[in-house]
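S.K.: The structure that follows is given in the form of structure tokens.
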There are 2 protein chains.
Amino acid sequence: MEKIQRETLDSLFHPENVAVVGASANPGKLGHMCISSVTSGGFQGKIFTVNPSSAGGHIMGAPCYAAIDDLPEAVQLFIFAIPHNRIEDALIAAARKGAKGAVVFAGGFKETGAEGEDLQNRIRYVADTHGIKIIGPNCAGTLNPHHGLNATFIFPGFKFKKGGVAVVSQSGGTSGAILNSMIDSNVGLSKLVSIGNRVNLDFAEMIDYLGDDPATRVICLFIEGIDAARNFFETAKKVSRKKPILAYQAGFAASSKVLALSHTGSMSESEDVYRSALAQAGVLLLNDIEEMVDTAKGLSMCEPIEGSGAAILTHSAGPAIIISDTVESGGGRVADFSTENKRLLLEFIPRFSNPINPLDMFAHAHLDTTLYLKSLDVALSQPDIHIACACYIPNMGEEYRFPAREYADIAHKHHKPAILAYQAGFAASSKVLALS
Amino acid sequence: MEKIQRETLDSLFHPENVAVVGASANPGKLGHMCISSVTSGGFQGKIFTVNPSSAGGHIMGAPCYAAIDDLPEAVQLFIFAIPHNRIEDALIAAARKGAKGAVVFAGGFKETGAEGEDLQNRIRYVADTHGIKIIGPNCAGTLNPHHGLNATFIFPGFKFKKGGVAVVSQSGGTSGAILNSMIDSNVGLSKLVSIGNRVNLDFAEMIDYLGDDPATRVICLFIEGIDAARNFFETAKKVSRKKPILAYQAGFAASSKVLALSHTGSMSESEDVYRSALAQAGVLLLNDIEEMVDTAKGLSMCEPIEGSGAAILTHSAGPAIIISDTVESGGGRVADFSTENKRLLLEFIPRFSNPINPLDMFAHAHLDTTLYLKSLDVALSQPDIHIACACYIPNMGEEYRFPAREYADIAHKHHKPAILAYQAGFAASSKVLALS
């Protein structure tokens, strides 16, 4: 990525100051949800608002001006909470005020037909002429919790957990669904980019930028269709060597194609073509949002995996069988324990328990969770075992008593990742938390 | 199903009284978790316990006897929280006390090798001789919330929501994972049967019984491997004509096969063979537990669907595209709106919105949710549209304001099912509930 483009994107995600054009003091209005989001993210720079009807006053603590030209200083990021037909003039004014980036929520562009496409092209022209990068239009905006930036309208008043997972979503609504799932799973966010109609920021630019972003460890994509396919696949191939790229692709159905076209103006190809192209580019295609979020969580928290050998530790066979299927269907290998390790395991596993992988230590391991620690230590000592996964199903209302800290310590000692599948539902977990 | 077998199973799921053999007053013991479960389910009949060390007293309010032979009356359901090597004698004593059904939690049978298999055969002989049906061994037990029966050890103190979804799971651990997911999704349970080693109760008998069970509207199976395949598929084919059978099948991986064999003693066939056999038997195979639970929730709540035409209503295109994919991949059809209905839709849908299916009414429908009601009424009026699905993504912290009651009323008026995909995460939903 060229240095000047990277600097522009840095201004978009780490702006010194922001202006919300169309900010409103009236709850229920988009301009209110937006300024609520911006002011609640923990942003440390100056926040300005633009709205003639509140000029001279403040909206949610941010000083308000009648027009963009009245702003008292140059502003790096403009967030436009105004209708589509006012965007072009506003963008020209923002350029005069030194804008580097713009977020455009409004629909009414390419997705609506020829007239909207004309308007979108005019906006692109303004942006490109002045070196402004646009997120949107027809999108939910962007988030960078590491910089306290919440330039959306869908999460007013919510402070996201900082983390290593970046999300690039074509759909604003699906952005919300993915982030809801991340909140449930306590997954930290590096950046959200709801790219919408992609005026001059597409998947390829975002993947390239996030590939070099130190805060991002895993990149998640929600794709409805790809326009500049060659650029996308070449960039993905390059970046997937550095960090994992996960994707959930929708829009394969005939009816989806019509909607995807009228939505952000792109056409998806046949499922098979996409699947193989994504695989060749090193992109891991997941089956649904929850699976993508779970995978991202694991990959963002673990050390890199140095091989395909897995050990599975359990107190209940059924869930271990599910994990075995998953390991093997993803190209992993449930490795045999060595003769020496079988001997070591037989020293402490319960009677009737077989020293094979997956290792089922029955209800004994539920009552005595140190069996997990001992067996993890044995399993990870084996050179051809590169990752371990323990599964544990708490009884309803049980106090949290899996020795997660010690489990992680053993994994760190071996410099290998270890996963814990703690199979409580959300409600059950909450009960556990409430009890403990 | 023969009358006598049905009556025996009725005693198992609707017993007049129960005895917990091995009940314990010591927290942490299986016998304590079991009696805690039994006494917290709301069971209206008498509960007895058997344990020499508490004889003459009570355990969690239930009178305790030194031996099964000391019980003061005939008992229909015996729950054995004792080790495997004491089951045979206990079962013989239970037969003398009129037992109709038994739950055996202990492992140590067929799954451990030849010796255990001998023991399991002896237990089968005792049970069959005395007309006793056994759930297990090597299982998590059974639940029937409609009868206040919680004969498990994994949900002590928890009262399940009554409902129409039955779960038959080979794995006790996976039973827990499925029920946790049902609790999260607020899905009511008709019966849980953790069948374990299947001494004389297998999938086929349970499917047959649940097919005629008035409390059960949908049957969910977790399968690791099927032994009596012909019986299973013939029964499933018969029952799936009456009510939906859903399945999640694990154990396809090479390593899973070894574990499944050592677990409940069955071997799974190749994935393709199973998939086509299940499809022919009318069993819907799902990809994971959450998908099975979501599908069961929908099917247990909705009127039967009379055809394959679907309408999709949305304020955000991305999620609607996901739903379109799902409809079409399952053999459904996203039907075109009729010319007359397009005219009706154009009277109220927002400017730029296209009167096509999926119907995207943009953020306007988020702000004015009556657009969902108007468009549902139009869509369901069309004879070739048999089901509608609305998706709605609340903003973080938004008060619950989707008009679900009115939405359901319109569906009832048309005698067609309508689904609402309310795409908040659990945490987000909780926040909404807390606010409202």
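By order in the structure tokens, chains are A, B, ...; within a chain, residues start at 1; ligands start at 1, following the order shown.
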DSSP on the backbone, then: every residue of segment 186-247 of chain B marked strand (DSSP E or B), written as a list in words.
M.R.: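 So, restricting segment 186-247 of chain B to strand (DSSP E or B), we get Leu189, Ser190, Lys191, Leu192, Val193, Ser194, Val218, Ile219, Cys220, Leu221, Phe222, Ile223, Ile245, Leu246 and Ala247 of chain B.
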S.K.: Got time to write the residues from that selection, C-alpha atoms, as a short mmCIF file (atom, residue, chain, number, x, y, z; two decimals), in the first residue's frame?
M.R.:
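Result written to out-v4.cif:
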```
data_model
loop_
_atom_site.label_atom_id
_atom_site.label_comp_id
_atom_site.auth_asym_id
_atom_site.auth_seq_id
_atom_site.Cartn_x
_atom_site.Cartn_y
_atom_site.Cartn_z
CA LEU B 189 -38.79 -28.96 26.28
CA SER B 190 -41.23 -31.85 26.01
CA LYS B 191 -38.77 -34.63 26.94
CA LEU B 192 -35.05 -35.23 27.17
CA VAL B 193 -33.80 -38.77 26.80
CA SER B 194 -30.05 -39.31 27.08
CA VAL B 218 -40.63 -31.68 17.05
CA ILE B 219 -38.09 -34.47 17.69
CA CYS B 220 -34.35 -33.61 17.85
CA LEU B 221 -31.70 -36.32 17.70
CA PHE B 222 -28.00 -36.20 18.51
CA ILE B 223 -26.56 -39.27 16.82
CA ILE B 245 -37.48 -35.06 13.01
CA LEU B 246 -34.25 -33.06 13.13
CA ALA B 247 -30.81 -34.58 13.59
#
```
S.K.: Using only C-alpha atoms, which residues of chain A come within 7 Å of chain B, and what is the closest atom pair for each, with the distance in Å to one decimal? Give it as JSON lines, sorted by chain and residue number.
M.R.:
```
{"residue": "A:Gly108", "atom": "CA", "partner": "B:Phe352", "partner_atom": "CA", "distance": 6.8}
{"residue": "A:Thr112", "atom": "CA", "partner": "B:Phe352", "partner_atom": "CA", "distance": 5.7}
{"residue": "A:Ile154", "atom": "CA", "partner": "B:Asn395", "partner_atom": "CA", "distance": 4.8}
{"residue": "A:Phe155", "atom": "CA", "partner": "B:Met396", "partner_atom": "CA", "distance": 4.7}
{"residue": "A:Pro156", "atom": "CA", "partner": "B:Met396", "partner_atom": "CA", "distance": 6.4}
{"residue": "A:Ser171", "atom": "CA", "partner": "B:Gly318", "partner_atom": "CA", "distance": 4.9}
{"residue": "A:Gly173", "atom": "CA", "partner": "B:Ser316", "partner_atom": "CA", "distance": 5.3}
{"residue": "A:Thr174", "atom": "CA", "partner": "B:Gly318", "partner_atom": "CA", "distance": 5.6}
{"residue": "A:Ala177", "atom": "CA", "partner": "B:Gln423", "partner_atom": "CA", "distance": 6.0}
{"residue": "A:Asn180", "atom": "CA", "partner": "B:Gly425", "partner_atom": "CA", "distance": 4.5}
{"residue": "A:Ser181", "atom": "CA", "partner": "B:Gly425", "partner_atom": "CA", "distance": 5.4}
{"residue": "A:Ile183", "atom": "CA", "partner": "B:Ala427", "partner_atom": "CA", "distance": 6.8}
{"residue": "A:Asp184", "atom": "CA", "partner": "B:Ala427", "partner_atom": "CA", "distance": 5.5}
{"residue": "A:Ala250", "atom": "CA", "partner": "B:Ile322", "partner_atom": "CA", "distance": 5.4}
{"residue": "A:Gly251", "atom": "CA", "partner": "B:Ile321", "partner_atom": "CA", "distance": 5.5}
{"residue": "A:Phe252", "atom": "CA", "partner": "B:Asp325", "partner_atom": "CA", "distance": 6.0}
{"residue": "A:Ala253", "atom": "CA", "partner": "B:Asp325", "partner_atom": "CA", "distance": 4.7}
{"residue": "A:Ser255", "atom": "CA", "partner": "B:Val334", "partner_atom": "CA", "distance": 6.3}
{"residue": "A:Ser256", "atom": "CA", "partner": "B:Ile321", "partner_atom": "CA", "distance": 5.0}
{"residue": "A:Leu259", "atom": "CA", "partner": "B:Pro358", "partner_atom": "CA", "distance": 6.8}
{"residue": "A:His263", "atom": "CA", "partner": "B:Ala317", "partner_atom": "CA", "distance": 6.3}
{"residue": "A:Ser316", "atom": "CA", "partner": "B:Gly173", "partner_atom": "CA", "distance": 5.3}
{"residue": "A:Ala317", "atom": "CA", "partner": "B:His263", "partner_atom": "CA", "distance": 6.3}
{"residue": "A:Gly318", "atom": "CA", "partner": "B:Ser171", "partner_atom": "CA", "distance": 4.9}
{"residue": "A:Pro319", "atom": "CA", "partner": "B:Thr174", "partner_atom": "CA", "distance": 5.8}
{"residue": "A:Ile321", "atom": "CA", "partner": "B:Ser256", "partner_atom": "CA", "distance": 5.0}
{"residue": "A:Ile322", "atom": "CA", "partner": "B:Ala250", "partner_atom": "CA", "distance": 5.4}
{"residue": "A:Ser324", "atom": "CA", "partner": "B:Ser256", "partner_atom": "CA", "distance": 5.7}
{"residue": "A:Asp325", "atom": "CA", "partner": "B:Ala253", "partner_atom": "CA", "distance": 4.7}
{"residue": "A:Glu328", "atom": "CA", "partner": "B:Ala253", "partner_atom": "CA", "distance": 6.0}
{"residue": "A:Val334", "atom": "CA", "partner": "B:Ser255", "partner_atom": "CA", "distance": 6.3}
{"residue": "A:Phe352", "atom": "CA", "partner": "B:Thr112", "partner_atom": "CA", "distance": 5.7}
{"residue": "A:Pro358", "atom": "CA", "partner": "B:Leu259", "partner_atom": "CA", "distance": 6.8}
{"residue": "A:Ile393", "atom": "CA", "partner": "B:Gly173", "partner_atom": "CA", "distance": 6.6}
{"residue": "A:Asn395", "atom": "CA", "partner": "B:Ile154", "partner_atom": "CA", "distance": 4.8}
{"residue": "A:Met396", "atom": "CA", "partner": "B:Phe155", "partner_atom": "CA", "distance": 4.7}
{"residue": "A:Gln423", "atom": "CA", "partner": "B:Ala177", "partner_atom": "CA", "distance": 5.9}
{"residue": "A:Ala424", "atom": "CA", "partner": "B:Asn180", "partner_atom": "CA", "distance": 6.1}
{"residue": "A:Gly425", "atom": "CA", "partner": "B:Asn180", "partner_atom": "CA", "distance": 4.5}
{"residue": "A:Phe426", "atom": "CA", "partner": "B:Asp184", "partner_atom": "CA", "distance": 6.0}
{"residue": "A:Ala427", "atom": "CA", "partner": "B:Asp184", "partner_atom": "CA", "distance": 5.5}
{"residue": "A:Ala428", "atom": "CA", "partner": "B:Asn180", "partner_atom": "CA", "distance": 6.5}
```
S.K.: Create the file for the chosen residues now, containing C-alpha atoms and written as a CSV table (one decimal), in the first residue's frame.
M.R.:
```csv
chain,number,residue,atom,x,y,z
A,108,GLY,CA,-30.1,6.5,-2.3
A,112,THR,CA,-31.3,2.7,-6.4
A,154,ILE,CA,-26.1,1.5,15.6
A,155,PHE,CA,-24.3,1.3,18.9
A,156,PRO,CA,-25.1,4.5,20.7
A,171,SER,CA,-23.9,-4.9,4.9
A,173,GLY,CA,-27.2,-4.7,9.3
A,174,THR,CA,-24.9,-7.7,9.2
A,177,ALA,CA,-25.3,-8.9,13.9
A,180,ASN,CA,-23.7,-8.6,18.7
A,181,SER,CA,-22.2,-12.0,18.4
A,183,ILE,CA,-20.2,-9.0,22.4
A,184,ASP,CA,-21.8,-12.3,23.4
A,250,ALA,CA,-23.9,-14.8,1.4
A,251,GLY,CA,-25.8,-14.1,-1.8
A,252,PHE,CA,-25.6,-17.4,-3.6
A,253,ALA,CA,-29.4,-17.8,-3.9
A,255,SER,CA,-33.2,-14.2,-5.2
A,256,SER,CA,-30.2,-12.9,-3.2
A,259,LEU,CA,-31.3,-8.0,-3.8
A,263,HIS,CA,-28.3,-3.3,-2.4
A,316,SER,CA,-17.8,-36.6,27.9
A,317,ALA,CA,-17.4,-38.4,24.6
A,318,GLY,CA,-20.1,-36.8,22.5
A,319,PRO,CA,-18.6,-33.3,22.4
A,321,ILE,CA,-16.6,-36.6,18.8
A,322,ILE,CA,-17.9,-33.3,17.5
A,324,SER,CA,-12.8,-34.6,16.1
A,325,ASP,CA,-15.1,-34.2,13.2
A,328,GLU,CA,-10.5,-33.6,10.5
A,334,VAL,CA,-6.1,-36.2,15.8
A,352,PHE,CA,-11.6,-48.1,32.1
A,358,PRO,CA,-9.5,-38.1,21.9
A,393,ILE,CA,-19.6,-29.1,30.3
A,395,ASN,CA,-23.5,-28.7,35.5
A,396,MET,CA,-26.3,-26.2,35.7
A,423,GLN,CA,-19.9,-25.7,26.8
A,424,ALA,CA,-22.3,-23.7,28.9
A,425,GLY,CA,-25.0,-21.7,27.2
A,426,PHE,CA,-25.1,-17.9,27.7
A,427,ALA,CA,-27.8,-18.2,30.3
A,428,ALA,CA,-25.9,-21.0,32.1
```
S.K.: Find the residues near Arg217 of chain B: any atom within 8 Å, counting only C-alpha atoms, skip ones fewer than 4 places away on the same chain, and give them as number ranges by chain.
M.R.: B: 164-166, 243-244, 299-300
S.K.: Extract, using only C-alpha atoms, all DNA, RNA and protein residues at most 10 Å from segment 92-104 of chain B, discarding same-chain residues fewer than 3 positions from it, and format them as a PyMOL selection string.
M.R.: chain B and resi 7-13+15+18-21+67-84+87-89+107+123+126-127+129-142+151-152+194-197
S.K.: Would you mind writing down, as a ChimeraX atom specification, each residue of segment 141-244 of chain A that DSSP on the backbone assigns to helix (DSSP H, G or I)?
M.R.: /A:145-147,172-184,203-211,229-239
S.K.: Which is closest to Lys110 of chain A among A:Pro355, A:Cys64, A:Arg122, A:Lys242, if we use only C-alpha atoms?
M.R.: A:Arg122
S.K.: If you measure from atom CA of Ala365 of chain A to atom CA of Asn144 of chain B, what distance in Å do you get, rounded to one decimal?
M.R.: 28.1 Å
S.K.: Find the residues around Ala236 of chain B up to 9 Å (only C-alpha atoms counted), leave out those fewer than 4 positions away in its own chain, and share them as a PDB file with all heavy atoms, in the first residue's frame.
M.R.:
```pdb
ATOM      1  N   ALA B 204     -34.963 -45.879  17.713  1.00  0.00           N
ATOM      2  CA  ALA B 204     -36.218 -46.261  17.057  1.00  0.00           C
ATOM      3  C   ALA B 204     -37.385 -46.248  18.044  1.00  0.00           C
ATOM      4  O   ALA B 204     -38.442 -45.658  17.759  1.00  0.00           O
ATOM      5  CB  ALA B 204     -36.071 -47.634  16.413  1.00  0.00           C
ATOM      6  N   ILE B 207     -38.228 -42.623  19.007  1.00  0.00           N
ATOM      7  CA  ILE B 207     -38.893 -41.876  17.923  1.00  0.00           C
ATOM      8  C   ILE B 207     -40.341 -42.330  17.804  1.00  0.00           C
ATOM      9  O   ILE B 207     -41.265 -41.514  17.666  1.00  0.00           O
ATOM     10  CB  ILE B 207     -38.125 -42.082  16.598  1.00  0.00           C
ATOM     11  CG1 ILE B 207     -36.761 -41.404  16.661  1.00  0.00           C
ATOM     12  CG2 ILE B 207     -38.936 -41.535  15.421  1.00  0.00           C
ATOM     13  CD1 ILE B 207     -35.846 -41.753  15.500  1.00  0.00           C
ATOM     14  N   ASP B 208     -40.554 -43.639  17.891  1.00  0.00           N
ATOM     15  CA  ASP B 208     -41.905 -44.190  17.795  1.00  0.00           C
ATOM     16  C   ASP B 208     -42.786 -43.642  18.922  1.00  0.00           C
ATOM     17  O   ASP B 208     -43.906 -43.162  18.687  1.00  0.00           O
ATOM     18  CB  ASP B 208     -41.804 -45.720  17.881  1.00  0.00           C
ATOM     19  CG  ASP B 208     -43.040 -46.402  17.316  1.00  0.00           C
ATOM     20  OD1 ASP B 208     -43.850 -45.716  16.673  1.00  0.00           O
ATOM     21  OD2 ASP B 208     -43.182 -47.620  17.530  1.00  0.00           O
ATOM     22  N   ASN B 231     -34.397 -50.716  11.477  1.00  0.00           N
ATOM     23  CA  ASN B 231     -35.452 -50.326  12.403  1.00  0.00           C
ATOM     24  C   ASN B 231     -35.492 -48.803  12.552  1.00  0.00           C
ATOM     25  O   ASN B 231     -36.553 -48.178  12.519  1.00  0.00           O
ATOM     26  CB  ASN B 231     -35.203 -51.008  13.755  1.00  0.00           C
ATOM     27  CG  ASN B 231     -36.425 -50.966  14.649  1.00  0.00           C
ATOM     28  OD1 ASN B 231     -37.517 -50.636  14.200  1.00  0.00           O
ATOM     29  ND2 ASN B 231     -36.235 -51.296  15.921  1.00  0.00           N
ATOM     30  N   PHE B 232     -34.304 -48.205  12.686  1.00  0.00           N
ATOM     31  CA  PHE B 232     -34.227 -46.748  12.833  1.00  0.00           C
ATOM     32  C   PHE B 232     -34.837 -46.050  11.625  1.00  0.00           C
ATOM     33  O   PHE B 232     -35.712 -45.185  11.759  1.00  0.00           O
ATOM     34  CB  PHE B 232     -32.765 -46.317  12.999  1.00  0.00           C
ATOM     35  CG  PHE B 232     -32.580 -44.822  12.986  1.00  0.00           C
ATOM     36  CD1 PHE B 232     -32.725 -44.088  14.148  1.00  0.00           C
ATOM     37  CD2 PHE B 232     -32.286 -44.145  11.807  1.00  0.00           C
ATOM     38  CE1 PHE B 232     -32.570 -42.704  14.139  1.00  0.00           C
ATOM     39  CE2 PHE B 232     -32.145 -42.768  11.782  1.00  0.00           C
ATOM     40  CZ  PHE B 232     -32.280 -42.048  12.958  1.00  0.00           C
ATOM     41  N   SER B 240     -41.764 -39.260  10.643  1.00  0.00           N
ATOM     42  CA  SER B 240     -41.494 -37.946  10.033  1.00  0.00           C
ATOM     43  C   SER B 240     -42.673 -37.469   9.193  1.00  0.00           C
ATOM     44  O   SER B 240     -42.751 -36.297   8.844  1.00  0.00           O
ATOM     45  CB  SER B 240     -40.215 -37.978   9.195  1.00  0.00           C
ATOM     46  OG  SER B 240     -40.362 -38.832   8.079  1.00  0.00           O
ATOM     47  N   ARG B 241     -43.599 -38.374   8.848  1.00  0.00           N
ATOM     48  CA  ARG B 241     -44.816 -37.924   8.151  1.00  0.00           C
ATOM     49  C   ARG B 241     -45.750 -37.201   9.124  1.00  0.00           C
ATOM     50  O   ARG B 241     -46.600 -36.422   8.713  1.00  0.00           O
ATOM     51  CB  ARG B 241     -45.559 -39.120   7.546  1.00  0.00           C
ATOM     52  CG  ARG B 241     -44.801 -39.762   6.400  1.00  0.00           C
ATOM     53  CD  ARG B 241     -45.708 -40.667   5.566  1.00  0.00           C
ATOM     54  NE  ARG B 241     -44.892 -41.542   4.739  1.00  0.00           N
ATOM     55  CZ  ARG B 241     -44.654 -42.820   5.014  1.00  0.00           C
ATOM     56  NH1 ARG B 241     -45.189 -43.387   6.073  1.00  0.00           N
ATOM     57  NH2 ARG B 241     -43.881 -43.544   4.231  1.00  0.00           N
ATOM     58  N   ILE B 245     -38.626 -34.466  12.292  1.00  0.00           N
ATOM     59  CA  ILE B 245     -37.485 -35.061  13.006  1.00  0.00           C
ATOM     60  C   ILE B 245     -36.239 -34.349  12.516  1.00  0.00           C
ATOM     61  O   ILE B 245     -35.947 -34.330  11.320  1.00  0.00           O
ATOM     62  CB  ILE B 245     -37.361 -36.574  12.724  1.00  0.00           C
ATOM     63  CG1 ILE B 245     -38.672 -37.295  13.085  1.00  0.00           C
ATOM     64  CG2 ILE B 245     -36.184 -37.165  13.495  1.00  0.00           C
ATOM     65  CD1 ILE B 245     -38.634 -38.793  12.773  1.00  0.00           C
ATOM     66  N   LEU B 278     -30.769 -40.633   5.835  1.00  0.00           N
ATOM     67  CA  LEU B 278     -31.563 -39.767   6.712  1.00  0.00           C
ATOM     68  C   LEU B 278     -32.546 -38.946   5.890  1.00  0.00           C
ATOM     69  O   LEU B 278     -33.712 -38.800   6.253  1.00  0.00           O
ATOM     70  CB  LEU B 278     -30.649 -38.850   7.533  1.00  0.00           C
ATOM     71  CG  LEU B 278     -29.864 -39.522   8.670  1.00  0.00           C
ATOM     72  CD1 LEU B 278     -28.801 -38.579   9.225  1.00  0.00           C
ATOM     73  CD2 LEU B 278     -30.792 -39.979   9.796  1.00  0.00           C
ATOM     74  N   ALA B 281     -35.445 -40.899   4.859  1.00  0.00           N
ATOM     75  CA  ALA B 281     -36.349 -41.187   5.979  1.00  0.00           C
ATOM     76  C   ALA B 281     -37.074 -39.918   6.450  1.00  0.00           C
ATOM     77  O   ALA B 281     -37.796 -39.954   7.443  1.00  0.00           O
ATOM     78  CB  ALA B 281     -35.566 -41.805   7.128  1.00  0.00           C
ATOM     79  N   GLY B 282     -36.849 -38.803   5.756  1.00  0.00           N
ATOM     80  CA  GLY B 282     -37.527 -37.560   6.121  1.00  0.00           C
ATOM     81  C   GLY B 282     -36.898 -36.854   7.304  1.00  0.00           C
ATOM     82  O   GLY B 282     -37.505 -35.976   7.914  1.00  0.00           O
ATOM     83  N   VAL B 283     -35.661 -37.217   7.643  1.00  0.00           N
ATOM     84  CA  VAL B 283     -34.971 -36.577   8.767  1.00  0.00           C
ATOM     85  C   VAL B 283     -34.153 -35.406   8.235  1.00  0.00           C
ATOM     86  O   VAL B 283     -33.409 -35.554   7.266  1.00  0.00           O
ATOM     87  CB  VAL B 283     -34.037 -37.583   9.493  1.00  0.00           C
ATOM     88  CG1 VAL B 283     -33.252 -36.885  10.596  1.00  0.00           C
ATOM     89  CG2 VAL B 283     -34.844 -38.743  10.035  1.00  0.00           C
TER      90      VAL B 283
END
```
S.K.: Which residue gives the smallest distance to Asp377 of chain B among B:Glu303, B:Asp202, B:Asp213, B:Asp409, with only C-alpha atoms counted?
M.R.: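 Closest to Asp377 of chain B of all the choices is B:Asp409.
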S.K.: Would you kindly return, as an mmCIF file with C-alpha atoms, in the first residue's frame, each protein, DNA or RNA residue with an atom no farther than 12 Å from any atom of Pro403 of chain A, considering only C-alpha atoms and excluding same-chain residues fewer than 6 positions away?
M.R.:
```cif
data_model
loop_
_atom_site.group_PDB
_atom_site.id
_atom_site.type_symbol
_atom_site.label_atom_id
_atom_site.label_comp_id
_atom_site.auth_asym_id
_atom_site.auth_seq_id
_atom_site.Cartn_x
_atom_site.Cartn_y
_atom_site.Cartn_z
ATOM 1 C CA ALA A 365 -12.302 -35.381 35.080
ATOM 2 C CA HIS A 366 -15.425 -33.375 35.800
ATOM 3 C CA ASP A 368 -11.203 -33.709 39.470
ATOM 4 C CA THR A 369 -10.269 -31.093 36.866
ATOM 5 C CA THR A 370 -6.532 -31.532 37.539
ATOM 6 C CA LEU A 371 -6.801 -34.533 35.195
ATOM 7 C CA TYR A 372 -7.087 -31.960 32.396
ATOM 8 C CA LEU A 373 -3.858 -30.295 33.476
ATOM 9 C CA LYS A 374 -1.904 -33.553 33.733
ATOM 10 C CA ALA A 390 -10.274 -29.544 26.167
ATOM 11 C CA TYR A 392 -15.841 -29.194 29.689
ATOM 12 C CA ASP A 409 0.191 -21.776 31.880
ATOM 13 C CA ILE A 410 0.898 -25.329 30.719
ATOM 14 C CA LEU A 420 -11.023 -24.699 26.202
ATOM 15 C CA TYR A 422 -16.548 -24.534 27.983
#
```
